[in-house]
Structure formats: C-alpha cells, structure tokens
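input_23.pdb follows; it contains PDB, C-alpha atoms and all ligand atoms.
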MODEL        1
ATOM      1  CA  MET A   1       0.000   0.000   0.000
ATOM      2  CA  ILE A   2       1.343   3.384  -0.969
ATOM      3  CA  LEU A   3       1.332   5.697   2.033
ATOM      4  CA  PRO A   4       1.096   9.482   1.927
ATOM      5  CA  ILE A   5       4.448  11.161   2.535
ATOM      6  CA  VAL A   6       4.448  13.674   5.331
ATOM      7  CA  ALA A   7       5.141  17.208   4.125
ATOM      8  CA  TYR A   8       7.547  19.644   5.738
ATOM      9  CA  GLY A   9       5.941  21.446   8.649
ATOM     10  CA  ASP A  10       4.445  18.366  10.278
ATOM     11  CA  PRO A  11       5.746  17.892  13.834
ATOM     12  CA  VAL A  12       6.270  14.143  13.263
ATOM     13  CA  LEU A  13       9.306  15.061  11.137
ATOM     14  CA  ARG A  14      10.842  16.625  14.236
ATOM     15  CA  LYS A  15      10.312  13.639  16.527
ATOM     16  CA  ALA A  16      13.091  11.222  17.337
ATOM     17  CA  GLY A  17      12.104   7.720  16.249
ATOM     18  CA  ALA A  18      11.407   5.269  19.056
ATOM     19  CA  LYS A  19      13.290   1.982  19.287
ATOM     20  CA  ILE A  20      11.516  -0.861  17.507
ATOM     21  CA  ASP A  21      10.735  -4.057  19.327
ATOM     22  CA  GLN A  22      11.289  -7.351  17.544
ATOM     23  CA  HIS A  23       7.729  -8.419  18.346
ATOM     24  CA  ASN A  24       6.156  -5.377  16.730
ATOM     25  CA  LYS A  25       3.340  -6.948  14.720
ATOM     26  CA  ASP A  26       2.954  -4.111  12.230
ATOM     27  CA  LEU A  27       6.600  -3.875  11.317
ATOM     28  CA  GLN A  28       6.768  -6.193   8.292
ATOM     29  CA  ALA A  29       3.738  -4.584   6.679
ATOM     30  CA  LEU A  30       5.167  -1.140   7.355
ATOM     31  CA  ILE A  31       8.428  -2.087   5.638
ATOM     32  CA  VAL A  32       6.596  -3.435   2.568
ATOM     33  CA  ASN A  33       4.511  -0.269   2.400
ATOM     34  CA  MET A  34       7.565   1.928   2.769
ATOM     35  CA  TRP A  35       9.304   0.246  -0.196
ATOM     36  CA  GLN A  36       6.215   0.764  -2.329
ATOM     37  CA  THR A  37       5.881   4.357  -1.184
ATOM     38  CA  MET A  38       9.537   5.139  -1.827
ATOM     39  CA  TYR A  39       9.615   3.631  -5.331
ATOM     40  CA  ASN A  40       6.328   5.277  -6.241
ATOM     41  CA  ALA A  41       7.908   8.641  -5.425
ATOM     42  CA  ASN A  42      11.238   7.761  -7.124
ATOM     43  CA  GLY A  43      13.088   8.133  -3.848
ATOM     44  CA  VAL A  44      16.439   6.600  -2.906
ATOM     45  CA  GLY A  45      15.619   6.497   0.783
ATOM     46  CA  LEU A  46      12.667   6.833   3.111
ATOM     47  CA  ALA A  47      12.426   7.051   6.888
ATOM     48  CA  ALA A  48       9.452   5.982   8.986
ATOM     49  CA  PRO A  49       8.684   9.502  10.316
ATOM     50  CA  GLN A  50       8.065  10.459   6.673
ATOM     51  CA  VAL A  51       5.091   8.113   6.653
ATOM     52  CA  ASN A  52       3.949   9.375  10.031
ATOM     53  CA  LYS A  53       5.532   6.648  12.147
ATOM     54  CA  ALA A  54       7.955   8.025  14.704
ATOM     55  CA  VAL A  55      10.092   4.902  14.914
ATOM     56  CA  ASN A  56      13.753   4.227  14.215
ATOM     57  CA  LEU A  57      13.456   2.656  10.768
ATOM     58  CA  PHE A  58      14.637   3.675   7.333
ATOM     59  CA  ILE A  59      15.158   2.067   3.950
ATOM     60  CA  VAL A  60      17.738   2.824   1.285
ATOM     61  CA  ASP A  61      18.133   1.825  -2.362
ATOM     62  CA  THR A  62      20.975   3.605  -4.156
ATOM     63  CA  GLU A  63      20.582   1.814  -7.488
ATOM     64  CA  SER A  64      19.429   4.884  -9.399
ATOM     65  CA  PHE A  65      22.673   6.753  -8.663
ATOM     66  CA  ASP A  66      24.493   4.556 -11.147
ATOM     67  CA  ASP A  67      27.924   5.497  -9.808
ATOM     68  CA  GLU A  68      30.233   2.513 -10.114
ATOM     69  CA  ARG A  69      32.642   3.898  -7.504
ATOM     70  CA  TYR A  70      30.249   2.746  -4.807
ATOM     71  CA  PRO A  71      28.379  -0.501  -4.281
ATOM     72  CA  ILE A  72      24.622  -0.354  -4.700
ATOM     73  CA  ILE A  73      22.892  -0.891  -1.403
ATOM     74  CA  LYS A  74      19.304  -1.906  -0.908
ATOM     75  CA  LYS A  75      18.649  -2.309   2.786
ATOM     76  CA  VAL A  76      16.368  -1.919   5.738
ATOM     77  CA  PHE A  77      17.911  -0.222   8.779
ATOM     78  CA  ILE A  78      16.201  -0.761  12.122
ATOM     79  CA  ASN A  79      17.353   0.823  15.396
ATOM     80  CA  ALA A  80      20.371   2.213  13.587
ATOM     81  CA  GLU A  81      23.152   3.907  15.435
ATOM     82  CA  ILE A  82      25.958   5.709  13.633
ATOM     83  CA  LEU A  83      29.009   4.877  15.717
ATOM     84  CA  GLU A  84      31.571   6.976  13.936
ATOM     85  CA  GLU A  85      31.931   9.377  10.997
ATOM     86  CA  TRP A  86      35.269  10.414   9.539
ATOM     87  CA  GLY A  87      37.092  12.040   6.622
ATOM     88  CA  ASP A  88      37.013  15.550   5.167
ATOM     89  CA  GLU A  89      33.501  16.891   4.727
ATOM     90  CA  TRP A  90      32.235  16.963   1.147
ATOM     91  CA  ASP A  91      29.332  18.789  -0.463
ATOM     92  CA  PHE A  92      26.548  16.891  -2.142
ATOM     93  CA  GLU A  93      23.203  18.195  -3.336
ATOM     94  CA  GLU A  94      20.437  16.663  -1.257
ATOM     95  CA  GLY A  95      16.697  16.641  -1.649
ATOM     96  CA  CYS A  96      13.913  15.086   0.368
ATOM     97  CA  LEU A  97      10.511  13.620  -0.494
ATOM     98  CA  SER A  98       9.060  15.590   2.435
ATOM     99  CA  ILE A  99      10.565  18.842   1.097
ATOM    100  CA  PRO A 100       9.857  18.602  -2.641
ATOM    101  CA  ASN A 101      11.510  20.734  -5.295
ATOM    102  CA  ILE A 102      14.212  22.058  -3.017
ATOM    103  CA  ARG A 103      17.771  20.861  -3.429
ATOM    104  CA  GLU A 104      20.741  22.234  -1.529
ATOM    105  CA  ASN A 105      24.359  21.336  -0.997
ATOM    106  CA  VAL A 106      24.942  19.727   2.352
ATOM    107  CA  SER A 107      28.372  19.117   3.802
ATOM    108  CA  ARG A 108      28.916  15.785   5.563
ATOM    109  CA  ARG A 109      31.742  13.387   6.320
ATOM    110  CA  PRO A 110      32.321  10.732   3.646
ATOM    111  CA  HIS A 111      32.757   7.622   5.807
ATOM    112  CA  LEU A 112      30.741   6.097   8.588
ATOM    113  CA  ARG A 113      30.360   3.011  10.707
ATOM    114  CA  ILE A 114      26.843   2.013  11.619
ATOM    115  CA  ARG A 115      25.236  -0.631  13.775
ATOM    116  CA  TYR A 116      21.694  -1.650  12.886
ATOM    117  CA  GLN A 117      19.273  -4.504  12.642
ATOM    118  CA  ASP A 118      17.781  -5.759   9.412
ATOM    119  CA  GLU A 119      14.159  -6.775   8.891
ATOM    120  CA  HIS A 120      14.890 -10.167  10.497
ATOM    121  CA  PHE A 121      16.456  -8.460  13.526
ATOM    122  CA  ASN A 122      19.929  -9.674  12.748
ATOM    123  CA  THR A 123      22.458  -7.128  14.015
ATOM    124  CA  PHE A 124      25.155  -5.791  11.705
ATOM    125  CA  GLU A 125      28.026  -3.392  12.101
ATOM    126  CA  GLU A 126      29.223  -2.070   8.737
ATOM    127  CA  GLU A 127      31.157   0.742   7.101
ATOM    128  CA  TYR A 128      29.893   2.843   4.206
ATOM    129  CA  SER A 129      31.427   5.570   2.098
ATOM    130  CA  GLY A 130      30.424   8.104  -0.524
ATOM    131  CA  ILE A 131      26.881   8.054  -1.867
ATOM    132  CA  PRO A 132      25.588   5.102   0.165
ATOM    133  CA  ALA A 133      26.933   6.811   3.306
ATOM    134  CA  ARG A 134      25.296  10.062   2.246
ATOM    135  CA  VAL A 135      21.852   8.503   1.823
ATOM    136  CA  ILE A 136      22.219   6.682   5.147
ATOM    137  CA  GLN A 137      23.177   9.949   6.897
ATOM    138  CA  HIS A 138      20.160  11.746   5.445
ATOM    139  CA  GLU A 139      17.692   9.005   6.419
ATOM    140  CA  TYR A 140      19.317   8.457   9.798
ATOM    141  CA  ASP A 141      18.799  12.157  10.496
ATOM    142  CA  HIS A 142      15.065  11.751   9.817
ATOM    143  CA  CYS A 143      14.950   9.200  12.639
ATOM    144  CA  LYS A 144      16.507  11.843  14.902
ATOM    145  CA  GLY A 145      14.028  14.539  13.908
ATOM    146  CA  LYS A 146      16.579  16.287  11.731
ATOM    147  CA  LEU A 147      16.194  17.551   8.140
ATOM    148  CA  PHE A 148      18.792  18.425   5.516
ATOM    149  CA  ILE A 149      17.740  22.071   5.503
ATOM    150  CA  ASP A 150      18.977  22.259   9.109
ATOM    151  CA  TYR A 151      22.501  22.214   7.688
ATOM    152  CA  ILE A 152      22.205  25.120   5.260
ATOM    153  CA  SER A 153      23.095  28.694   6.114
ATOM    154  CA  GLU A 154      20.697  31.033   7.868
ATOM    155  CA  LEU A 155      20.674  33.220   4.770
ATOM    156  CA  LYS A 156      19.754  30.357   2.453
ATOM    157  CA  ARG A 157      17.062  29.210   4.825
ATOM    158  CA  ARG A 158      15.594  32.693   4.847
ATOM    159  CA  LEU A 159      15.538  32.662   1.049
ATOM    160  CA  LEU A 160      13.656  29.344   1.148
ATOM    161  CA  LYS A 161      11.148  30.522   3.730
ATOM    162  CA  ASN A 162       8.268  31.084   1.336
ATOM    163  CA  LYS A 163       8.911  27.862  -0.555
ATOM    164  CA  LEU A 164       8.892  25.926   2.726
ATOM    165  CA  LEU A 165       5.702  27.610   3.831
ATOM    166  CA  ASN A 166       4.137  26.720   0.496
ATOM    167  CA  ILE A 167       5.099  23.037   0.934
ATOM    168  CA  SER A 168       3.578  22.934   4.410
ATOM    169  CA  LYS A 169       0.356  24.324   2.969
ATOM    170  CA  GLY A 170       0.158  21.739   0.212
ATOM    171  CA  GLY A 171       1.385  23.918  -2.630
ATOM    172  CA  ALA A 172       4.214  21.652  -3.774
ATOM    173  CA  LYS A 173       3.788  20.160  -7.228
ATOM    174  CA  VAL A 174       4.472  16.456  -6.793
ATOM    175  CA  ASP A 175       3.206  13.303  -8.438
ATOM    176  CA  TYR A 176       2.860  11.373  -5.195
ATOM    177  CA  LYS A 177       0.435  11.700  -2.352
ATOM    178  CA  MET A 178       1.423  13.962   0.520
ATOM    179  CA  ARG A 179       0.064  14.332   4.018
ATOM    180  CA  LEU A 180      -0.102  17.952   5.062
ATOM    181  CA  PRO A 181       0.436  19.262   8.567
ATOM    182  CA  ALA A 182      -2.822  19.614  10.435
ATOM    183  CA  ASN A 183      -4.298  23.075  10.101
ATOM    184  CA  LYS A 184      -3.103  25.355  12.867
TER     185      LYS A 184
HETATM  186 NI    NI B   1      14.496  13.117   3.425
ENDMDL
END
What does this structure look like when you write it as structure tokens?
Amino acid sequence: MILPIVAYGDPVLRKAGAKIDQHNKDLQALIVNMWQTMYNANGVGLAAPQVNKAVNLFIVDTESFDDERYPIIKKVFINAEILEEWGDEWDFEEGCLSIPNIRENVSRRPHLRIRYQDEHFNTFEEEYSGIPARVIQHEYDHCKGKLFIDYISELKRRLLKNKLLNISKGGAKVDYKMRLPANK
C-alpha cells in the first residue's frame, strides 16, 4: 500500500524515532509499504517519520545513482546507530521527499560506521562511504528529527522561507500523495 508522505511542517518530522521491538506486529507490513511508497515517489531512501511513524526505521536503495565507484545498497535499517563518521567533509546536493523541489548542498563526512538490525532483527556493524553513506546519513537524520535544511546557512534558509511555507500548505507540485500538517 502506498502511504502518503508527510510534508515539511508536520511535527512528526521533528520527533526522534522510538526503538523498535522485535515483536512489533505491524513492522513487516510497514516495511513493505515503505518500499512501495519510496519507489512510487522515485526516492532513494525513506524514513518511517516520513510516513507518520515516529520509529527508528529507514530504507535505502541507491541503485538509481548509477555510480560505479560505490556498491549499490538496498537495505532496511532498524534501530540504527551511527558509531563513527570520519574524513574531510564533502558537499553533495540533497533533496527530500518531504521537502519537494528544493535541493541544496549539504556538507557531511564521507565515511561512517553504523550498527543496525535488518528486517529479520539480525544485528550488523558495517562501514559505508560516498553516496551510500550520504543517503544513510540523510535518512538516519530523519529518525533523529533532523532535516537536511537544518545544515544550510541562515541566509539560504531565509531565502527558502516562502517555498517551505508553500510546501507545508500543500502547494508543492508532486506526483505522489502527501500528508499535510494539520491546520493550525
Ligand atoms: Ni528526506
């Protein structure tokens, strides 16, 4: 089932995702729905808060980057914890399904080590670099209530103010279903 993607301005995007219990009965269905939702919106990653579930879960599929320097990863990350990030920060233009039609350079470290559980609750500790690391960092942030626009300069954010307001009011032109913040 394709789920509506929460638009910028909804408080759920600012909530830290709760730890997921292995016996959570809705988890497998949620994961299936998140894959469908992400592919339907042509995304490369999606975090549970973006479908209005404040839990520590995100999915990543980097296949569409088509950059042979990095392995393609297609994975479910549950209860992820970034243990370490290193290397000289690099700029990469990021976007977000919850913040459509805005792309900005974000500076992050190129390498990371992460501990997480997969959909079968096996625990892994792995290292990622480059684009896969970048997508993981972006989605991981969602599970901490953080958005990529938090990293851009105050000036740039001020320039985006009206665009962001427009998104939160449902004015973004997208070809997927969005869930707007409740009327205040
Ligand atoms: Ni995002």
Query raised in the report: Which residues come within 12 Å of A:Glu63, counting all atoms listed in the file, excluding same-chain residues fewer than 3 positions away, as a PyMOL selection string?
Result: chain A and resi 39+42-45+60+66-68+70-75+131-132+135
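A straight line drawn from atom CA of A:Leu97 to atom CA of A:Asn162 is 17.7 Å long.
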Query raised in the report: Mind listing the residues within 8 Å of ligand NI 1 (chain B), all atoms listed in the file counted, as a VMD selection string?
Result: chain A and resid 45 to 47 50 95 to 99 138 to 139 142 147 to 148
Report summary line: Using all atoms listed in the file, the shortest atom-to-atom distance to A:Asn56 among A:Ile78, A:Val174, A:Ile114, A:Ala182 belongs to A:Ile78
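What the PyMOL selection byres (((chain A and resi 121) around 10) and not hetatm) grabs from this file is Ile20, Asp21, Gln22, His23, Phe77, Ile78, Asn79, Tyr116, Gln117, Asp118, Glu119, His120, Asn122, Thr123 and Phe124 of chain A.
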